[in-house]
file my_file-v5.tsv (TSV, C-alpha atoms)
chain	number	residue	atom	x	y	z
A	1163	MET	CA	66.51	42.11	74.33
A	1164	LYS	CA	65.98	40.22	71.07
A	1165	ILE	CA	68.00	41.03	67.97
A	1166	VAL	CA	67.52	39.62	64.47
A	1167	VAL	CA	70.81	39.56	62.54
A	1168	LEU	CA	70.78	39.30	58.74
A	1169	ASN	CA	74.08	38.41	57.10
A	1170	ALA	CA	73.72	39.53	53.49
A	1171	SER	CA	77.21	38.54	52.35
A	1172	PRO	CA	77.18	36.47	49.13
A	1173	LYS	CA	80.12	34.43	50.49
A	1174	PRO	CA	79.20	30.94	51.77
A	1175	GLU	CA	81.19	31.23	55.01
A	1176	GLY	CA	84.00	33.08	56.76
A	1177	GLY	CA	83.29	36.40	55.05
A	1178	ASN	CA	84.11	39.83	56.46
A	1179	SER	CA	80.46	40.42	57.37
A	1180	ALA	CA	80.43	37.25	59.48
A	1181	GLN	CA	83.48	38.45	61.42
A	1182	ILE	CA	81.89	41.86	61.98
A	1183	ILE	CA	78.71	40.19	63.27
A	1184	ASP	CA	80.78	38.05	65.62
A	1185	ARG	CA	82.57	41.11	67.01
A	1186	ILE	CA	79.32	43.04	67.55
A	1187	ARG	CA	77.69	40.03	69.19
A	1188	LYS	CA	80.59	39.51	71.61
A	1189	ASN	CA	80.54	43.22	72.54
A	1190	ILE	CA	76.82	43.09	73.30
A	1191	GLU	CA	77.00	39.80	75.21
A	1192	ALA	CA	79.77	41.24	77.38
A	1193	LEU	CA	77.43	44.07	78.39
A	1194	GLN	CA	74.12	42.20	78.38
A	1195	PRO	CA	74.58	38.39	78.46
A	1196	GLU	CA	70.86	37.66	78.35
A	1197	THR	CA	70.49	39.20	74.86
A	1198	LYS	CA	68.98	36.73	72.39
A	1199	PHE	CA	70.20	36.63	68.79
A	1200	SER	CA	68.48	35.11	65.75
A	1201	VAL	CA	71.07	34.98	62.98
A	1202	PHE	CA	70.19	34.30	59.34
A	1203	SER	CA	72.34	34.06	56.23
A	1204	ILE	CA	70.52	35.25	53.11
A	1205	ARG	CA	73.28	34.45	50.66
A	1206	SER	CA	71.12	32.39	48.33
A	1207	ASN	CA	67.90	31.55	50.17
A	1208	CYS	CA	65.32	34.10	51.23
A	1209	LEU	CA	63.68	33.81	54.61
A	1210	THR	CA	60.65	31.55	54.92
A	1211	GLU	CA	57.31	32.47	56.46
A	1212	THR	CA	58.33	30.56	59.59
A	1213	ASP	CA	61.48	32.67	59.86
A	1214	TYR	CA	59.36	35.83	59.77
A	1215	ASP	CA	57.90	34.97	63.18
A	1216	VAL	CA	61.06	36.21	64.92
A	1217	PHE	CA	60.50	39.73	63.55
A	1218	GLY	CA	57.19	39.99	65.35
A	1219	ASP	CA	58.94	39.68	68.70
A	1220	CYS	CA	62.30	41.39	68.12
A	1221	ASP	CA	63.54	44.74	69.40
A	1222	ALA	CA	66.14	45.45	66.73
A	1223	ILE	CA	67.34	44.30	63.31
A	1224	LEU	CA	71.00	44.29	62.32
A	1225	TRP	CA	71.93	44.11	58.64
A	1226	ALA	CA	75.56	43.16	57.88
A	1227	PHE	CA	76.73	43.32	54.29
A	1228	PRO	CA	79.52	44.21	51.86
A	1229	VAL	CA	79.12	47.32	49.71
A	1230	TYR	CA	79.52	46.85	45.97
A	1231	VAL	CA	79.97	50.06	43.95
A	1232	ALA	CA	78.31	52.10	46.73
A	1233	SER	CA	75.23	49.86	46.68
A	1234	LEU	CA	73.70	46.71	48.16
A	1235	PRO	CA	74.25	43.07	47.13
A	1236	SER	CA	71.49	41.76	44.83
A	1237	ASN	CA	70.55	38.96	47.25
A	1238	MET	CA	69.98	41.59	49.95
A	1239	THR	CA	67.80	43.71	47.64
A	1240	GLU	CA	65.51	40.75	46.99
A	1241	GLN	CA	65.14	40.10	50.72
A	1242	LEU	CA	64.43	43.78	51.41
A	1243	LEU	CA	61.50	43.68	48.99
A	1244	ARG	CA	60.07	40.55	50.61
A	1245	LEU	CA	60.45	41.94	54.12
A	1246	GLU	CA	58.82	45.17	53.02
A	1247	ASP	CA	55.71	43.19	52.06
A	1248	PHE	CA	55.80	41.48	55.46
A	1249	PHE	CA	56.23	44.63	57.57
A	1250	THR	CA	53.49	46.50	55.70
A	1251	SER	CA	51.03	43.59	55.91
A	1252	LYS	CA	47.90	43.78	58.06
A	1253	LYS	CA	49.02	40.65	59.89
A	1254	PHE	CA	52.22	42.28	61.12
A	1255	LYS	CA	50.60	45.61	61.99
A	1256	LYS	CA	47.90	43.85	64.00
A	1257	ARG	CA	50.52	41.94	65.97
A	1258	ASN	CA	52.79	44.92	66.61
A	1259	THR	CA	50.70	47.79	67.89
A	1260	GLN	CA	53.14	49.10	70.50
A	1261	LYS	CA	56.71	47.93	69.82
A	1262	GLN	CA	59.01	50.03	67.65
A	1263	ILE	CA	61.69	47.95	65.91
A	1264	VAL	CA	64.97	49.79	65.39
A	1265	VAL	CA	67.15	49.02	62.35
A	1266	TYR	CA	70.96	49.07	62.35
A	1267	ALA	CA	73.48	48.34	59.60
A	1268	ALA	CA	77.14	47.31	59.60
A	1269	ALA	CA	78.72	47.57	56.15
A	1270	ASN	CA	82.23	47.02	54.87
A	1271	CYS	CA	83.82	47.94	51.56
A	1272	GLY	CA	87.08	47.26	49.76
A	1273	PHE	CA	87.78	50.98	49.34
A	1274	TYR	CA	89.98	52.84	51.80
A	1275	ASP	CA	87.31	55.30	52.97
A	1276	GLY	CA	84.37	53.92	54.93
A	1277	MET	CA	82.29	56.85	53.62
A	1278	GLU	CA	81.82	54.72	50.49
A	1279	CYS	CA	79.09	52.97	52.52
A	1280	ALA	CA	77.05	56.16	53.04
A	1281	LEU	CA	74.77	55.73	50.02
A	1282	SER	CA	73.84	52.19	51.04
A	1283	PHE	CA	72.69	53.56	54.42
A	1284	ARG	CA	70.49	56.11	52.67
A	1285	MET	CA	68.87	53.24	50.77
A	1286	LEU	CA	68.28	51.31	53.99
A	1287	ARG	CA	66.85	54.39	55.70
A	1288	SER	CA	64.29	54.72	52.89
A	1289	TRP	CA	63.39	51.04	53.26
A	1290	THR	CA	63.09	51.43	57.04
A	1291	LEU	CA	60.74	54.38	56.67
A	1292	LYS	CA	58.57	52.57	54.12
A	1293	CYS	CA	58.30	49.55	56.43
A	1294	GLY	CA	57.19	51.71	59.35
A	1295	LEU	CA	60.32	50.87	61.35
A	1296	SER	CA	62.84	53.18	63.01
A	1297	TRP	CA	66.39	53.87	61.82
A	1298	GLY	CA	69.07	53.56	64.51
A	1299	GLN	CA	72.53	53.88	63.00
A	1300	GLY	CA	74.86	52.61	60.32
A	1301	ILE	CA	78.59	51.94	60.58
A	1302	GLY	CA	80.74	51.77	57.46
A	1303	LEU	CA	84.18	50.19	57.55
A	1304	GLY	CA	86.71	50.95	54.84
A	1305	GLY	CA	89.46	48.49	53.98
A	1306	GLY	CA	87.11	45.58	54.60
A	1307	GLU	CA	89.32	43.02	52.89
A	1308	ILE	CA	91.94	43.53	55.61
A	1309	ILE	CA	89.56	41.71	57.96
A	1310	GLY	CA	89.78	38.53	55.94
A	1311	MET	CA	93.51	38.91	55.34
A	1312	THR	CA	94.49	39.33	59.00
A	1313	GLY	CA	92.25	36.77	60.70
A	1314	PRO	CA	89.55	36.59	63.38
A	1315	ASN	CA	91.07	39.26	65.65
A	1316	ALA	CA	91.56	41.78	62.84
A	1317	LEU	CA	89.32	44.36	64.51
A	1318	SER	CA	91.37	44.30	67.72
A	1319	LYS	CA	94.71	45.29	66.20
A	1320	MET	CA	96.34	47.54	63.65
A	1321	PRO	CA	95.46	48.67	61.06
A	1322	LEU	CA	91.79	48.26	62.06
A	1323	LYS	CA	92.03	49.14	65.75
A	1324	SER	CA	90.04	52.37	65.30
A	1325	ALA	CA	87.35	50.43	63.44
A	1326	GLY	CA	87.14	47.99	66.36
A	1327	LYS	CA	86.65	50.84	68.84
A	1328	LYS	CA	83.90	52.38	66.73
A	1329	LEU	CA	82.22	48.98	66.52
A	1330	GLU	CA	82.18	48.84	70.33
A	1331	VAL	CA	80.27	52.14	70.45
A	1332	PHE	CA	77.96	50.93	67.68
A	1333	ALA	CA	77.26	47.67	69.54
A	1334	GLU	CA	76.37	49.56	72.71
A	1335	ASN	CA	74.00	51.84	70.77
A	1336	LEU	CA	72.34	48.76	69.28
A	1337	MET	CA	71.98	47.15	72.69
A	1338	LEU	CA	70.38	50.31	74.10
A	1339	GLN	CA	68.32	50.89	70.92
A	1340	LYS	CA	69.97	54.29	70.81
A	1341	LYS	CA	69.81	56.39	67.66
A	1342	ALA	CA	73.00	58.08	66.49
A	1343	GLN	CA	74.72	59.59	63.48
A	1344	ASP	CA	76.14	57.08	61.01
A	1345	SER	CA	79.75	56.26	61.78
A	1346	PHE	CA	82.60	55.65	59.33
A	1347	SER	CA	86.12	54.31	59.66
A	1348	SER	CA	89.22	53.97	57.50
A	1349	PRO	CA	92.33	51.87	58.16
A	1350	ASP	CA	94.91	53.31	60.58
A	1351	ILE	CA	97.51	53.66	57.83
A	1352	PRO	CA	98.02	56.20	55.01
A	1353	GLN	CA	96.06	55.51	51.85
A	1354	PHE	CA	99.18	54.93	49.73
A	1355	MET	CA	100.24	52.16	52.12
A	1356	PHE	CA	96.79	50.62	51.93
A	1357	VAL	CA	96.92	50.58	48.11
A	1358	SER	CA	100.44	49.11	48.13
A	1359	MET	CA	99.38	46.41	50.59
A	1360	ALA	CA	96.28	45.56	48.55
A	1361	ASN	CA	98.35	45.20	45.39
A	1362	SER	CA	101.07	43.04	46.92
A	1363	GLN	CA	98.91	40.90	49.21
A	1364	MET	CA	95.86	40.48	47.02
A	1365	TRP	CA	95.72	41.61	43.39
A	1366	ASP	CA	99.26	40.60	42.37
A	1367	LYS	CA	98.81	37.15	43.93
A	1368	LYS	CA	95.42	36.62	42.33
A	1369	ALA	CA	96.78	37.70	38.95
A	1370	LYS	CA	99.70	35.29	39.22
A	1371	LYS	CA	97.35	32.49	40.22
A	1372	ASN	CA	95.36	33.14	37.05
A	1373	GLY	CA	98.41	33.32	34.79
A	1374	LEU	CA	98.58	37.13	34.47
A	1375	ASN	CA	101.49	39.50	35.01
A	1376	LYS	CA	101.39	43.17	36.00
A	1377	LYS	CA	101.81	44.38	32.42
A	1378	GLN	CA	98.79	42.39	31.32
A	1379	MET	CA	96.76	43.68	34.29
A	1380	LEU	CA	97.48	47.30	33.37
A	1381	HIS	CA	96.83	46.83	29.66
A	1382	LYS	CA	94.37	49.41	28.34
A	1383	ILE	CA	91.64	48.23	26.01
A	1384	THR	CA	91.18	50.65	23.14

call {"tool": "encode", "arguments": {"input": "my_file-v5.tsv", "output": "structure tokens"}}
result
Amino acid sequence: MKIVVLNASPKPEGGNSAQIIDRIRKNIEALQPETKFSVFSIRSNCLTETDYDVFGDCDAILWAFPVYVASLPSNMTEQLLRLEDFFTSKKFKKRNTQKQIVVYAAANCGFYDGMECALSFRMLRSWTLKCGLSWGQGIGLGGGEIIGMTGPNALSKMPLKSAGKKLEVFAENLMLQKKAQDSFSSPDIPQFMFVSMANSQMWDKKAKKNGLNKKQMLHKIT
């Protein structure tokens, strides 16, 4: 099986999307070692015409990206438009008369509820349909910033253990080109604890680093 992986994170390296890709890849390789992956980062540079050759021979496409205000990163939107032109071209249709490419998506968001990723999957489904491809499944992970905060094995332990298990199912579906309902996950802690942890471990520290205190952060502009 050949899978094209598109990392649409705007971060240069070590982002949450990269860690999610790594986890999915390891799960698939454990089940099917001969699987071939072509991984591209589209942070700032769109794919070239030479890169497009891998799509003509792949079985599945995996998009991995962060969700911003329920939508897609701008760099990803630009690449979607370019790939749409490629998949609807006569050249591609002539080359792919039999094979049906299945599209999957793994999204993460900073909100607690992974359902915040649902709208982005609807957008990708529309793109998939327009390109003449087939939609497989999306998985949306809430509390995405915990991945970066807790290190490379974040999806194997609390509070993202449930997310890790759902990713295993998602990876197997991808490997089998199986279609399934979109899956969503939230951290394995109450929401108030998640908010408290985000404030103390992230926002308060960033504010202090930039010379702000809590009173200034909560100041209302009238």

call {"tool": "residues_around", "arguments": {"input": "my_file-v5.tsv", "residues": "A:Lys1327", "least_positions_apart": "6", "cutoff": "10 Å", "atoms": "all atoms listed in the file", "output": "JSON, numbers by chain"}}
result
{"A": [1317, 1318, 1333, 1347]}

call {"tool": "atom_distance", "arguments": {"input": "my_file-v5.tsv", "atom1": "atom CA of A:Gly1305", "atom2": "atom CA of A:Phe1273"}}
result
5.5 Å

call {"tool": "residues_near_point", "arguments": {"input": "my_file-v5.tsv", "point": "(62.3, 43.4, 51.2)", "cutoff": "12 Å", "atoms": "all atoms listed in the file", "output": "list in words"}}
result
Ile1204, Cys1208, Leu1209, Tyr1214, Ser1236, Asn1237, Met1238, Thr1239, Glu1240, Gln1241, Leu1242, Leu1243, Arg1244, Leu1245, Glu1246, Asp1247, Phe1248, Phe1249, Thr1250, Met1285, Leu1286, Ser1288, Trp1289, Thr1290, Lys1292 and Cys1293 of chain A

call {"tool": "atom_distance", "arguments": {"input": "my_file-v5.tsv", "atom1": "atom CA of A:Ala1226", "atom2": "atom CA of A:Ser1345"}}
result
14.3 Å

call {"tool": "closest_residue", "arguments": {"input": "my_file-v5.tsv", "among": "A:Asp1344, A:Asp1219, A:Glu1211, A:Glu1278", "to": "A:Trp1297", "atoms": "only C-alpha atoms"}}
result
A:Asp1344

call {"tool": "atom_distance", "arguments": {"input": "my_file-v5.tsv", "atom1": "atom CA of A:Asp1215", "atom2": "atom CA of A:Phe1283"}}
result
25.3 Å

call {"tool": "residues_around", "arguments": {"input": "my_file-v5.tsv", "residues": "A:Ala1269", "least_positions_apart": "2", "cutoff": "10 Å", "atoms": "all atoms listed in the file", "output": "list in words"}}
result
Ala1170, Ser1171, Asn1178, Ser1179, Ile1182, Trp1225, Ala1226, Phe1227, Pro1228, Val1229, Leu1234, Ala1267, Cys1271, Gly1276, Glu1278, Cys1279, Ala1280, Ser1282, Phe1283, Gly1300, Ile1301, Gly1302, Leu1303, Gly1304, Gly1306 and Phe1346 of chain A

call {"tool": "residues_around", "arguments": {"input": "my_file-v5.tsv", "residues": "A:Arg1187", "least_positions_apart": "6", "cutoff": "12 Å", "atoms": "all atoms listed in the file", "output": "ChimeraX atom specification"}}
result
/A:1164-1167,1180-1181,1193-1201,1224,1226,1329-1330,1332-1334,1336-1337

call {"tool": "closest_residue", "arguments": {"input": "my_file-v5.tsv", "among": "A:Ala1369, A:Gly1272, A:Asn1375, A:Leu1291", "to": "A:Pro1349", "atoms": "only C-alpha atoms"}}
result
A:Gly1272

call {"tool": "closest_residue", "arguments": {"input": "my_file-v5.tsv", "among": "A:Met1163, A:Ile1190, A:Ile1263, A:Ile1308", "to": "A:Phe1217", "atoms": "all atoms listed in the file"}}
result
A:Ile1263

call {"tool": "residues_near_point", "arguments": {"input": "my_file-v5.tsv", "point": "(96.4, 48.1, 56.5)", "cutoff": "9 Å", "atoms": "all atoms listed in the file", "output": "list in words"}}
result
Gly1305, Ile1308, Met1320, Pro1321, Leu1322, Pro1349, Asp1350, Ile1351, Pro1352, Gln1353, Met1355, Phe1356, Val1357, Met1359 and Ala1360 of chain A
